[in-house]
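S.K.: Pasting in a structure now, in structure tokens, and then I'll have a few things to ask.
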Amino acid sequence: MRLWRYVPLSIWFAICGVSSSQLPWHASPANKPRTLVEVLNRDEDYSLLLSLLQRTLLIPTLNKLNGSTFFAPTNDAIKRRSEKDSLLQRVLEGDELKVPDNVQEELRQQLFYHLLNYTIQVPPVEPTTQTLKTLHFPKRSIDPPTREPPPSPPWLPIPEGTLGGEPQRLRLTSRDESLWVGTDAFGQGGVEVVKSRTDASNGVVYGISDMLQVPPSLAHVVGNETSLSYLRKILTPDLEDFLNETSCLSLFMPVDAAWESIDPLERLYLESEFSDDDRRRILGMHSVVEDNVKWVDSFASSTKMTTKYGSVLDVEVSSKGATINGSEVLQPDVYASNGVLHLVSTLLIPPGALQLTPEKYLLTLNCTSFVSLLHSVNLTHLVNNSDHRYTILAPKDDVLSFFVDDGLPKAGSEELKQMLQYHFIPGIWTPKKLDHGALLETELHEPGLDDGRQVLQVEVHNGEKSAADSKHISFGGAGVIGDRVDLNNTTIYFISRPLEPPVDPLQAALPSLDLSSFLAAVFSTSLADVIKKTPRTTFLIPRNSAFKRLGRLVSDHLLAASSKADLENVILHHVIDSVRYSKSLVNESQRTFPTLEGSDLQLERTDNGSVFIRASGGWADMQSALYPQNLLTKTGVIHEVSDLMIPRTVELNVGKLMKAAKATTMASLITKAGFDWVLNGTAPPGDSEWAGRGLDGASWTVLCPTDDSFKEFNLTELVGNQEALRSVVSQHLIPTPPLSTSGGSSAVEPNNNNRPLPLYDLGTYSTLLTPSSAYGDIVFRTLEDMSDSEYMVGIKGARGTDGKTDWARVLGWGRTTTGSGTGGVIQVDRLLVPYHPRWWIEYGPPSFVGAVGIGTEAQSPEDNKNLAAENVKSFIAGGFGGVCAVLVGHPFDLTKTRLQTAAAGQYTGAVDVVRKALARDGITGMYRGIVPPLLGVTPIFAMSFWAYDASKSLIHAFTPNRTSETLSTLELATAGFLSAVPTTLVTAPVERAKVVLQVQGQGTSSTQYKGVVDVMRHLYREGGMRSIFRGTGATLARDGPGSAAYFAAYEVTKKFLISKESTSGDLNLGAIIFAGGTAGVAMWSLAIPPDVLKSRLQSAPTGTYSGLFDCFRKTVAQDGITALWKGFGPAMARAFPANAATFLGVEASRKLLDGLF
């Protein structure tokens, strides 16, 4: 298509008459210049401009223009511009090789931008801005440049190009008493006109201070506009190409403030690499591409423009300016080479046009792997529909990266699809709505739930703050990382690992070691597949301890190959035929639940919130505590229970339990003795001699010796003697009445109802032999040493056999369900042979007791009353003295104990102990461990002084022919020694607790006990009563000789200090204090070595010493013989004041008591 016809006539005629040769530089001699070129030639300030015009072949064009306007840059302007424009600089240097454009097209277009094809009128009023049309017609440059001749005369401004045939525009503004060219729409900026107007025959010239910058493409315009920084942030290379290459492009772009109306997350999405399509759509919503450019002077009211996206822009023009769809045009007409830019105040996005789906947000928030997995299983509808309300649990890319190689199902698999559905929860679940232990339905529809929704358990723990946002939340065990994201209809939590949907019940329970016994029982049957595949079930799994409480014989029976049917019924009795989560079991009113076994389970809820389950059968009062766990499975849920439940379809009789005990010998003897009905759990036959004896409704407990226990007996001889056989068997048969119940599950301990008899220490039971023998009863006893057995059983009253045949250890038991549901089998390791004592054992002790009783002289009631009063006084006075001793002497005692028990070198002496104790704990540290002695002083000192008085009375009783009532020093010492014997029973455990408390915190050890009760509880758990009474022998070794010296020294010293004229009622304080102090010194002079051994025995860890002599040997070997006198200083320092206080308290309280009673 030829474009010549579009050239303005004035230019056409001028150019047609121009020769291709250049006119001479010098103008005609006339006074008035004929052309613009002559004007420039006469002014030396335009020499560089003339050079550029000549190079671009524009001098002929300039000479032939009529009525034109030329904004001519001065030499300074061109030099200034060349410093910034490399092309201009190379042209001025004249180096043709460095100029890539052989036709100077770029430079020519710059000069055309300074030319108008008409003469302008200078605006008379300031400030005024005019819009001018230049001879610059922007077009795409040849790329790359070529050396070939152009297709048309290069100096010809042809009306074509990227502005739809329109020339580029230029603004002229009159302000500040000057003219400015190239200003913006508000008349600001531009280049100042520095040389006044010069008229020529074909136009006018204005000298300007700088070259005019040709408007670049819209991409460059946008890049230079300060208020479009956010737009630049989201522009992609493709969008920049669109702005560069699209002709007649009119942009209506919102400024930075307009983007703040978008949610920050939406902006974050637009800034991400995943929003290319949406960014392209947004740019299209603000772009108009038509045949002509939409400059502001083309706007008219009610103008409608269609954007590249397809939306409609409504233009309204008023005296205040223009609006686009109600958005104010803040700056119009920012010129560009391929269009125009208008800055608007708001986004021009139609409602609903920009669909920001959850998928887009997930992509933005680094969940691309998660979205990719959703695509692989066609679950994109869960994240692409913004109308659906979901709570999404999304693992971020860095989390999923740990599971890519191992831990995730294969991409595109059904297993992966189910796993991903488990991450979507219908509804919006904010932290305020979440409760600990809540179960939320997910998008996973589980076949094992009859296509019902699988649930997900939530754990919520409150943080330090009370606000909902401070909660620590986890879903299905996966913790929440960072803050949640709330969208329109979606809430997103970022989780620490991908969620795994629940598996089948057996696989779900397998990781719990505490359930392994029951699972092993399941796998030993053919029920595994049934339990895995049966839909909508609740599995109640007993813990491992349940099998032990069930009784070993019952467990052995159920696990025996011959009892497979019983075991399967028991297992199925633990599977409820419906899904019952914790809330349903604990809070709802339903009490009866059918099981897969066919019978029901009964639930009983107590006032304290506990839940008990009763089986359909089993033994009387059989129940199990329910521990709701909500361990989810593919088919329902798992809860834990404390005990196994026996259904009514399982019958446990004595015969089955004895078979489980492998006690064939005893079962055979019972049958041969005529008691076979006991094995079956039935009443005696009508023709049996036992019929009619009241045994029809009785249950039986059989003491069942093992087969090995019969090795020492001649069974042939025993079976041959029917009377002896019946006697032996009868000794092992215990009629068992029904157990009495408390009537409520809340008071019944569910874990202790599995024994045939309520075994307890010294519990006595009658056997079938009891009516015919004085030694028919049997008695149970609890063993302290429970390494092999917890209980032993023996014939009551039997003695004289060295325990060979009259007692046995209990090895195990099992309870029957026949009869009244009580009774069963107790397995023992020996046969109990009926006891027949020798005549001297049977009749000797009663005769001896009778003889002693006849020869005993009875005391009168008054004597007994006086004796009791004296004993009470001695007891109270001793206790009061003990309190005084502890209050005065405890700091000394603590110092002594720490010196005795400390490692070598830990303390330099007693003063060092005190200094370190005060530095560590303050003054209260010197009274650490005072509670045990305070609690023990009353019984210890009370018993000591009471025993001392009693011992003196005993000595008087054993020496009736004595000549003086005054006891000798040796007798006083003997009475003192005897007083230590009963006192040791109280002193030893009190000293044990005191020493343990005193040494804690010593050295590098840290406090372990809260008080004396905590110490006693710990010692009992550690080793029973033996641990509590550790060091009893050492205590007696200390207190025996010590008490002998103690009381003897006191009595002798007091007698020496008190004059013979004094009466017994006088209270000589000085004598008592000195005598008491002396007694203490005398005692501790002897007691230090055994006290050292006692302290070490009682404070050392279990197993350190085997006894007193072992402690002595190791102490001397380790620390030398001097170690036996460690703490001698503190002990002696304590001895005088503490014991002076003791005797003062005893004597003062005794005098007070004597006055009162």
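Residues in the structure tokens are numbered from 1 in each chain, the chains being A, B, ... in the order shown, and ligands are numbered from 1 in the order shown.
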Residues near A:Val296, anyone? I mean within 9 Å using only C-alpha atoms, not counting same-chain ones fewer than 6 positions away, as a CSV table (one decimal) with C-alpha atoms, in the first residue's frame.
M.R.:
chain,number,residue,atom,x,y,z
A,322,ALA,CA,-12.4,12.6,33.4
A,332,PRO,CA,-3.6,12.0,31.5
A,333,ASP,CA,-1.6,11.7,28.3
A,342,HIS,CA,-3.2,7.5,31.6
S.K.: Within 7 Å of A:Ser1099, counting only C-alpha atoms, which residues qualify if same-chain residues fewer than 2 places away don't, as JSON, numbers by chain?
M.R.: {"A": [995, 996, 1095, 1096, 1097, 1101]}
S.K.: Can you measure atom CA of A:Val317 to atom CA of A:Glu126 for me? One decimal in Å is fine.
M.R.: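 A separation of 24.4 Å between them.
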S.K.: Quick one: pull the distance between atom CA of A:Ile613 and atom CA of A:Glu459, Å, one decimal.
M.R.: 26.5 Å
S.K.: Can you measure atom CA of A:Asp921 to atom CA of A:Asp1091 for me? One decimal in Å is fine.
M.R.: 25.5 Å
S.K.: List every residue of stretch 491-739 of chain A that DSSP, applied to the backbone of this structure, places in strand (DSSP E), and write the result as number ranges by chain.
M.R.: A: 491-494, 537-542, 575-576, 592-594, 600-605, 611-614, 623-632, 636-641, 699-705, 733-736
S.K.: At a cut-off of 7 Å, using only C-alpha atoms, what residues contact A:Thr816? Leave out same-chain residues fewer than 5 positions from it and give the result as a list in words.
M.R.: Trp619, Leu652, Asn653, Val654, Gly821, Thr822, Gly823 and Gly824 of chain A
S.K.: List every residue of stretch 230-263 of chain A that DSSP, applied to the backbone, labels as helix (DSSP H, G or I), and write the result as a ChimeraX atom specification.
M.R.: /A:230-234,237-245,256-259
S.K.: Would you kindly return, as number ranges by chain, each protein, DNA or RNA residue with an atom no farther than 12 Å from any atom of A:Met658, considering only C-alpha atoms and excluding same-chain residues fewer than 3 positions away?
M.R.: A: 552-554, 556-557, 652-655, 661-668, 670, 678-680, 701-707, 812-816, 824-828
S.K.: Just write the chosen residues, C-alpha atoms, as a short mmCIF file (atom, residue, chain, number, x, y, z; two decimals), in the first residue's frame.
M.R.:
data_model
loop_
_atom_site.label_atom_id
_atom_site.label_comp_id
_atom_site.auth_asym_id
_atom_site.auth_seq_id
_atom_site.Cartn_x
_atom_site.Cartn_y
_atom_site.Cartn_z
CA ARG A 552 -2.25 -67.11 84.08
CA LEU A 553 -4.40 -70.20 83.83
CA VAL A 554 -7.22 -68.39 82.02
CA ASP A 556 -3.05 -70.21 79.02
CA HIS A 557 -6.44 -71.76 78.33
CA LEU A 652 -14.42 -71.67 82.12
CA ASN A 653 -14.62 -74.59 84.53
CA VAL A 654 -12.11 -76.17 86.88
CA GLY A 655 -11.30 -78.94 84.42
CA ALA A 661 -2.10 -75.72 84.14
CA LYS A 662 -1.01 -79.09 82.73
CA ALA A 663 -1.99 -80.61 86.05
CA THR A 664 -3.06 -84.00 84.72
CA THR A 665 -1.95 -85.83 87.89
CA MET A 666 -4.11 -83.76 90.21
CA ALA A 667 -7.06 -83.89 87.82
CA SER A 668 -6.71 -87.69 87.75
CA ILE A 670 -9.71 -85.71 91.84
CA VAL A 678 -15.93 -80.47 90.72
CA LEU A 679 -13.97 -80.45 87.46
CA ASN A 680 -17.15 -79.91 85.43
CA THR A 701 -11.47 -73.36 94.35
CA VAL A 702 -8.94 -76.11 93.77
CA LEU A 703 -5.39 -75.89 95.05
CA CYS A 704 -3.67 -77.55 92.13
CA PRO A 705 -0.12 -78.88 92.61
CA THR A 706 2.03 -79.21 89.52
CA ASP A 707 2.83 -82.61 88.14
CA GLY A 812 -0.73 -68.78 89.31
CA TRP A 813 -4.48 -68.89 89.25
CA GLY A 814 -7.57 -68.77 87.11
CA ARG A 815 -11.18 -68.00 87.91
CA THR A 816 -14.11 -70.06 86.66
CA GLY A 824 -11.37 -71.53 90.16
CA VAL A 825 -7.91 -73.02 90.28
CA ILE A 826 -4.86 -71.86 92.25
CA GLN A 827 -1.70 -73.54 91.05
CA VAL A 828 0.88 -74.30 93.75
#
S.K.: Of the candidates A:Thr246, A:Thr606, A:Thr736, A:Ser642, which shows the shortest atom-to-atom distance to A:Ala546, using only C-alpha atoms?
M.R.: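 Closest candidate: A:Ser642.
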S.K.: A:Phe112, A:Pro989, A:Glu717, A:Ile349: which is nearest A:Thr56, counting only C-alpha atoms?
M.R.: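 Smallest distance to A:Thr56 is found for A:Phe112.
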